[in-house]
$ cat data01.csv   # CSV, C-alpha atoms
chain,number,residue,atom,x,y,z
A,1356,MET,CA,-3.4,-18.9,2.2
A,1357,SER,CA,-4.1,-18.1,5.9
A,1358,ALA,CA,-2.3,-14.7,5.6
A,1359,LEU,CA,-5.2,-13.6,3.4
A,1360,SER,CA,-8.0,-14.8,5.7
A,1361,GLY,CA,-10.7,-12.2,5.7
A,1362,ILE,CA,-8.8,-10.1,3.2
A,1363,SER,CA,-10.0,-9.0,-0.2
A,1364,VAL,CA,-7.6,-7.4,-2.8
A,1365,ARG,CA,-9.3,-4.4,-4.4
A,1366,ASP,CA,-7.5,-2.2,-6.9
A,1367,LEU,CA,-4.1,-1.5,-5.3
A,1368,ALA,CA,-5.6,-1.9,-1.9
A,1369,VAL,CA,-7.1,-4.5,0.5
A,1370,THR,CA,-10.2,-4.6,2.6
A,1371,LEU,CA,-10.4,-6.3,6.1
A,1372,GLU,CA,-14.1,-6.5,6.9
A,1373,ASP,CA,-15.3,-2.9,6.8
A,1374,VAL,CA,-11.8,-1.4,6.8
A,1375,LEU,CA,-10.1,-0.3,3.6
A,1376,VAL,CA,-6.3,-0.1,3.6
A,1377,VAL,CA,-4.2,1.7,1.1
A,1378,ALA,CA,-0.5,2.6,1.2
A,1379,ASP,CA,2.1,5.0,-0.3
A,1380,LEU,CA,0.0,7.6,-2.0
A,1381,HIS,CA,3.0,9.9,-2.2
A,1382,VAL,CA,0.8,12.9,-2.8
A,1383,GLY,CA,2.9,15.8,-4.2
A,1384,ARG,CA,5.4,13.6,-5.9
A,1385,GLY,CA,4.8,15.2,-9.3
A,1386,ALA,CA,5.1,18.7,-7.9
A,1387,ALA,CA,8.4,17.8,-6.2
A,1388,SER,CA,9.9,16.5,-9.5
A,1389,ASN,CA,10.9,18.1,-12.7
A,1390,VAL,CA,8.3,16.3,-14.8
A,1391,GLU,CA,5.4,18.0,-16.4
A,1392,LEU,CA,2.9,15.2,-15.6
A,1393,PRO,CA,1.3,15.8,-12.2
A,1394,VAL,CA,2.3,12.3,-11.0
A,1395,GLY,CA,-0.5,10.7,-9.0
A,1396,ASP,CA,-1.8,14.0,-7.8
A,1397,GLY,CA,-5.2,15.6,-8.3
A,1398,ASP,CA,-8.2,14.2,-10.1
A,1399,GLN,CA,-6.9,10.9,-11.2
A,1400,MET,CA,-5.9,9.7,-7.7
A,1401,VAL,CA,-9.0,11.1,-6.1
A,1402,GLU,CA,-11.3,9.5,-8.7
A,1403,ARG,CA,-9.8,6.1,-8.2
A,1404,PHE,CA,-9.9,6.5,-4.4
A,1405,ALA,CA,-13.6,7.6,-4.6
A,1406,ASP,CA,-14.5,4.7,-6.8
A,1407,LEU,CA,-12.9,2.3,-4.3
A,1408,CYS,CA,-14.7,3.9,-1.4
A,1409,VAL,CA,-18.1,3.5,-3.2
A,1410,ALA,CA,-17.4,-0.1,-4.1
A,1411,CYS,CA,-16.2,-1.1,-0.6
A,1412,GLU,CA,-18.3,1.1,1.6
A,1413,PRO,CA,-15.8,1.1,4.4
A,1414,SER,CA,-16.4,2.6,7.9
A,1415,GLU,CA,-12.7,3.5,8.1
A,1416,VAL,CA,-9.9,4.0,5.6
A,1417,VAL,CA,-6.4,3.4,6.9
A,1418,ILE,CA,-3.4,4.8,5.0
A,1419,ALA,CA,-0.4,2.7,5.7
A,1420,GLY,CA,2.2,5.4,5.5
A,1421,ASP,CA,3.7,7.9,3.0
A,1422,LEU,CA,0.5,9.8,2.4
A,1423,LEU,CA,2.9,12.6,1.4
A,1424,HIS,CA,6.0,12.6,-0.8
A,1425,SER,CA,8.1,15.6,0.0
A,1426,PHE,CA,10.2,15.6,3.2
A,1427,GLN,CA,10.6,19.4,3.3
A,1428,THR,CA,7.8,21.2,1.4
A,1429,VAL,CA,4.1,20.9,0.8
A,1430,PRO,CA,3.4,21.9,-2.9
A,1431,GLY,CA,0.1,23.8,-3.4
A,1432,PRO,CA,-1.8,21.0,-5.2
A,1433,VAL,CA,-1.3,18.7,-2.2
A,1434,ARG,CA,-3.9,20.4,-0.2
A,1435,ASN,CA,-6.5,20.1,-3.0
A,1436,THR,CA,-5.7,16.3,-3.4
A,1437,LEU,CA,-6.0,15.7,0.4
A,1438,GLY,CA,-9.3,17.6,0.4
A,1439,GLY,CA,-10.6,15.4,-2.4
A,1440,LEU,CA,-9.5,12.2,-0.5
A,1441,LYS,CA,-11.3,13.4,2.6
A,1442,GLN,CA,-14.4,14.3,0.8
A,1443,ALA,CA,-14.5,10.9,-1.0
A,1444,ALA,CA,-14.3,9.1,2.4
A,1445,ARG,CA,-17.0,11.4,3.9
A,1446,ASP,CA,-19.3,10.7,1.0
A,1447,VAL,CA,-19.5,7.1,2.1
A,1448,GLY,CA,-19.5,7.8,5.8
A,1449,ALA,CA,-15.9,6.7,6.4
A,1450,ARG,CA,-13.1,8.4,8.3
A,1451,ILE,CA,-9.5,8.3,7.3
A,1452,VAL,CA,-6.8,7.3,9.7
A,1453,VAL,CA,-3.1,7.8,8.8
A,1454,THR,CA,-0.3,5.7,10.1
A,1455,PRO,CA,2.7,7.9,9.2
A,1456,GLY,CA,5.5,6.7,7.1
A,1457,ASN,CA,9.1,7.9,6.7
A,1458,HIS,CA,8.0,10.5,4.1
A,1459,ASP,CA,5.4,12.0,6.3
A,1460,THR,CA,7.6,14.5,8.1
A,1461,MET,CA,5.3,17.4,7.0
A,1462,LEU,CA,2.1,15.6,7.9
A,1463,ASP,CA,1.1,17.8,10.8
A,1464,THR,CA,1.1,20.9,8.6
A,1465,VAL,CA,-1.6,19.6,6.2
A,1466,TRP,CA,-3.5,16.8,8.1
A,1467,ALA,CA,-5.9,17.5,11.0
A,1468,GLY,CA,-7.5,14.1,10.9
A,1469,PRO,CA,-6.7,11.0,13.1
A,1470,VAL,CA,-3.1,9.8,13.2
A,1471,GLU,CA,-2.0,6.5,14.8
A,1472,ALA,CA,1.5,5.1,14.7
A,1473,GLU,CA,0.0,1.6,14.5
A,1474,TYR,CA,-3.7,0.8,13.8
A,1475,SER,CA,-5.2,-2.3,15.3
A,1476,HIS,CA,-8.2,-4.2,13.9
A,1477,GLY,CA,-8.7,-7.5,15.8
A,1478,GLU,CA,-5.4,-9.4,15.5
A,1479,THR,CA,-4.2,-7.3,12.6
A,1480,VAL,CA,-1.9,-4.3,12.9
A,1481,VAL,CA,-1.5,-1.8,10.1
A,1482,CYS,CA,1.6,0.3,9.9
A,1483,HIS,CA,4.0,1.6,7.3
A,1484,GLY,CA,6.6,-1.0,7.8
A,1485,HIS,CA,9.7,1.2,7.7
A,1486,VAL,CA,10.6,0.3,11.3
A,1487,GLU,CA,9.8,-2.7,13.4
A,1488,PRO,CA,6.3,-2.5,15.0
A,1489,GLU,CA,5.9,-2.1,18.7
A,1490,ARG,CA,2.6,-4.0,18.9
A,1491,ASP,CA,2.5,-7.8,18.7
A,1492,ALA,CA,0.0,-9.1,16.2
A,1493,GLU,CA,-1.0,-12.2,14.3
A,1494,ARG,CA,-0.8,-10.3,11.0
A,1495,TYR,CA,0.7,-7.0,9.8
A,1496,ILE,CA,-0.4,-5.0,6.8
A,1497,ILE,CA,2.4,-2.7,5.6
A,1498,GLY,CA,3.6,-0.7,2.6
A,1499,HIS,CA,7.0,1.0,2.2
A,1500,ASP,CA,8.7,-1.1,-0.6
A,1501,HIS,CA,6.2,-0.6,-3.4
A,1502,PRO,CA,6.3,-4.2,-4.8
A,1503,THR,CA,5.8,-5.0,-8.4
A,1504,ILE,CA,6.3,-8.2,-10.4
A,1505,GLU,CA,7.3,-8.7,-14.0
A,1506,ILE,CA,5.4,-11.4,-15.8
A,1507,GLU,CA,6.0,-12.1,-19.5
A,1508,GLY,CA,7.7,-8.7,-19.9
A,1509,GLN,CA,4.8,-6.8,-18.3
A,1510,ARG,CA,5.4,-5.2,-14.9
A,1511,ARG,CA,2.4,-5.0,-12.5
A,1512,PRO,CA,2.0,-3.7,-8.9
A,1513,CYS,CA,1.4,-6.6,-6.6
A,1514,VAL,CA,0.4,-7.4,-3.0
A,1515,LEU,CA,2.9,-9.7,-1.3
A,1516,ALA,CA,1.6,-12.1,1.3
A,1517,GLY,CA,3.7,-14.3,3.6
A,1518,GLU,CA,2.7,-16.7,6.4
A,1519,ASP,CA,4.6,-16.8,9.7
A,1520,VAL,CA,7.4,-14.6,8.2
A,1521,TYR,CA,7.9,-12.1,11.0
A,1522,ASN,CA,8.2,-13.3,14.6
A,1523,GLY,CA,5.6,-16.0,13.8
A,1524,ALA,CA,3.2,-13.4,12.3
A,1525,ASP,CA,1.8,-13.1,8.8
A,1526,VAL,CA,2.8,-10.1,6.7
A,1527,ILE,CA,0.9,-8.5,3.8
A,1528,MET,CA,2.8,-5.8,1.9
A,1529,LEU,CA,0.8,-3.4,-0.3
A,1530,PRO,CA,1.9,-1.8,-3.5
A,1531,SER,CA,1.9,2.0,-3.9
A,1532,PHE,CA,-1.6,3.3,-4.5
A,1533,ASN,CA,0.0,5.9,-6.8
A,1534,ASP,CA,-0.3,4.6,-10.4
A,1535,PHE,CA,2.8,6.5,-11.4
A,1536,VAL,CA,5.2,5.2,-8.7
A,1537,ARG,CA,7.2,2.6,-10.6
A,1538,GLY,CA,8.0,0.5,-7.6
A,1539,VAL,CA,10.6,-2.2,-7.2
A,1540,ARG,CA,10.7,-5.4,-9.2
A,1541,VAL,CA,10.5,-8.3,-6.7
A,1542,ASN,CA,11.2,-11.2,-9.1
A,1543,ASP,CA,14.8,-11.8,-7.9
A,1544,MET,CA,14.9,-9.8,-4.7
A,1545,ARG,CA,16.2,-11.3,-1.5
A,1546,ALA,CA,15.2,-10.2,2.0
A,1547,SER,CA,18.3,-8.1,2.4
A,1548,GLU,CA,17.2,-6.0,-0.6
A,1549,PHE,CA,13.9,-5.0,0.9
A,1550,MET,CA,13.8,-1.9,2.9
A,1551,SER,CA,11.2,-3.1,5.4
A,1552,PRO,CA,12.6,-5.0,8.4
A,1553,LEU,CA,9.4,-7.2,8.4
A,1554,VAL,CA,10.7,-9.0,5.3
A,1555,THR,CA,13.0,-11.7,6.7
A,1556,ASP,CA,12.4,-14.4,4.1
A,1557,ALA,CA,11.5,-13.1,0.6
A,1558,ASP,CA,11.1,-16.6,-0.7
A,1559,ALA,CA,8.0,-17.1,1.5
A,1560,PHE,CA,6.1,-14.2,0.1
A,1561,ALA,CA,3.5,-14.9,-2.6
A,1562,PRO,CA,2.5,-12.2,-5.2
A,1563,ILE,CA,-1.1,-11.4,-5.7
A,1564,VAL,CA,-2.0,-9.3,-8.7
A,1565,ARG,CA,-5.3,-7.5,-9.2
A,1566,ASP,CA,-6.3,-7.2,-12.9
A,1567,ARG,CA,-8.4,-4.1,-12.7
A,1568,ASP,CA,-9.6,-4.5,-16.3
A,1569,ALA,CA,-10.8,-8.1,-15.9
A,1570,ARG,CA,-11.8,-7.5,-12.3
A,1571,GLU,CA,-9.9,-10.6,-11.4
A,1572,THR,CA,-7.4,-11.4,-8.6
A,1573,LEU,CA,-4.5,-13.6,-9.6
A,1574,GLU,CA,-2.7,-15.5,-6.8
A,1575,PHE,CA,0.8,-16.9,-7.5
A,1576,PRO,CA,2.9,-19.4,-5.4
A,1577,PRO,CA,5.6,-18.0,-3.0
A,1578,LEU,CA,8.5,-16.5,-4.8
A,1579,GLY,CA,10.8,-19.3,-3.7
A,1580,ALA,CA,8.8,-21.7,-5.7
A,1581,PHE,CA,8.0,-19.4,-8.5
A,1582,ARG,CA,11.1,-17.4,-9.5
A,1583,HIS,CA,12.4,-20.0,-12.0
A,1584,ARG,CA,9.1,-19.6,-14.0
A,1585,LEU,CA,9.4,-15.8,-14.3
$ encode --input "data01.csv" --output "structure tokens"
Amino acid sequence: MSALSGISVRDLAVTLEDVLVVADLHVGRGAASNVELPVGDGDQMVERFADLCVACEPSEVVIAGDLLHSFQTVPGPVRNTLGGLKQAARDVGARIVVTPGNHDTMLDTVWAGPVEAEYSHGETVVCHGHVEPERDAERYIIGHDHPTIEIEGQRRPCVLAGEDVYNGADVIMLPSFNDFVRGVRVNDMRASEFMSPLVTDADAFAPIVRDRDARETLEFPPLGAFRHRL
């Protein structure tokens, strides 16, 4: 698939040459909820992120929006988690760039690092995907919708890749990097049910699932040719 040219799926992220892209960390989600489990915050997320940085050795890490979860407050553990993410990137000589998402209204109170509305790498633009991008590109990498797919009763986060699906450009949608964000089940979703305006034809998007245990990437046909088998 040409949309994945030069792209490798790693964990719940992708790499493009020496750039690692993750989306929708939603740091602080657990503290903002009434659950006891610190959802996605702290050691578990930082450890996975650090392992990914060591494995990929990126020069830059781009967070495609919604680094934070809360719109109005910054719970105490958030700063510790962000510090751990920054240190993990520094340990491999990488810098983190944030492309803000719709949840990142408090970003400037806790983040002093680079921020870009849209990040360009060659002919690829990375952004959150909650609004239409300003820059023209041959390919967009976005987050926002937290795609998952259910196969044989088991729900898994997935990357969605579509060719020529947005103004002639390819689109790659990443799942949430937060293991405890349930996400949306895309099996039967139509374009109108996605939040991102970059999804104009859901049938054209092919799911890609990374089996972390088997260290295997599973590529499926576009949803339009695949729904009846799910």
$ atom_distance --input "data01.csv" --atom1 "CA of Leu1437 in chain A" --atom2 "CA of Ser1475 in chain A"
23.4 Å
$ closest_residue --input "data01.csv" --among "A:Thr1464, A:Asn1542, A:Ser1360, A:Gln1399" --to "Thr1479 in chain A" --atoms "only C-alpha atoms"
A:Ser1360
$ closest_residue --input "data01.csv" --among "A:Ala1546, A:Ala1410, A:Leu1367, A:Val1433" --to "Val1564 in chain A" --atoms "only C-alpha atoms"
A:Leu1367
$ atom_distance --input "data01.csv" --atom1 "CA of His1458 in chain A" --atom2 "CA of Phe1560 in chain A"
25.1 Å
$ closest_atom_pairs --input "data01.csv" --of "range 1406-1523 of chain A" --to "range 1565-1584 of chain A" --cutoff "9 Å" --atoms "only C-alpha atoms" --output "CSV"
residue,atom,partner,partner_atom,distance
A:Arg1511,CA,A:Arg1565,CA,8.7
A:Pro1512,CA,A:Arg1565,CA,8.2
A:Cys1513,CA,A:Arg1565,CA,7.2
A:Val1514,CA,A:Arg1565,CA,8.4
A:Leu1515,CA,A:Pro1577,CA,8.9
A:Ala1516,CA,A:Pro1577,CA,8.3
A:Gly1517,CA,A:Pro1577,CA,7.8
$ write_last_selection --input "data01.csv" --atoms "C-alpha atoms" --output "PDB file, in the coordinates of the input"
ATOM      1  CA  ARG A1511       2.400  -5.000 -12.500  1.00  0.00           C
ATOM      2  CA  PRO A1512       2.000  -3.700  -8.900  1.00  0.00           C
ATOM      3  CA  CYS A1513       1.400  -6.600  -6.600  1.00  0.00           C
ATOM      4  CA  VAL A1514       0.400  -7.400  -3.000  1.00  0.00           C
ATOM      5  CA  LEU A1515       2.900  -9.700  -1.300  1.00  0.00           C
ATOM      6  CA  ALA A1516       1.600 -12.100   1.300  1.00  0.00           C
ATOM      7  CA  GLY A1517       3.700 -14.300   3.600  1.00  0.00           C
TER       8      GLY A1517
END
$ closest_residue --input "data01.csv" --among "A:Gly1438, A:Gly1456, A:Gly1448, A:Gly1498" --to "Leu1423 in chain A" --atoms "all atoms listed in the file"
A:Gly1456
$ closest_residue --input "data01.csv" --among "A:Asp1500, A:Asp1543, A:Glu1473, A:Asp1556" --to "Asp1379 in chain A" --atoms "all atoms listed in the file"
A:Asp1500
$ residues_near_point --input "data01.csv" --point "(-9.1, 10.6, -8.0)" --cutoff "12 Å" --atoms "all atoms listed in the file" --output "PyMOL selection string"
chain A and resi 1380+1382+1394-1408+1435-1444+1532-1534
$ residues_around --input "data01.csv" --residues "range 1492-1497 of chain A" --least-positions-apart "4" --cutoff "6 Å" --atoms "only C-alpha atoms" --output "PDB file with C-alpha atoms, in the frame of the given file"
ATOM      1  CA  GLU A1478      -5.400  -9.400  15.500  1.00  0.00           C
ATOM      2  CA  THR A1479      -4.200  -7.300  12.600  1.00  0.00           C
ATOM      3  CA  VAL A1480      -1.900  -4.300  12.900  1.00  0.00           C
ATOM      4  CA  VAL A1481      -1.500  -1.800  10.100  1.00  0.00           C
ATOM      5  CA  CYS A1482       1.600   0.300   9.900  1.00  0.00           C
ATOM      6  CA  HIS A1483       4.000   1.600   7.300  1.00  0.00           C
ATOM      7  CA  GLY A1484       6.600  -1.000   7.800  1.00  0.00           C
ATOM      8  CA  ALA A1524       3.200 -13.400  12.300  1.00  0.00           C
ATOM      9  CA  ASP A1525       1.800 -13.100   8.800  1.00  0.00           C
ATOM     10  CA  VAL A1526       2.800 -10.100   6.700  1.00  0.00           C
ATOM     11  CA  ILE A1527       0.900  -8.500   3.800  1.00  0.00           C
ATOM     12  CA  MET A1528       2.800  -5.800   1.900  1.00  0.00           C
TER      13      MET A1528
END
$ atom_distance --input "data01.csv" --atom1 "CA of Ser1414 in chain A" --atom2 "CA of Arg1450 in chain A"
6.7 Å
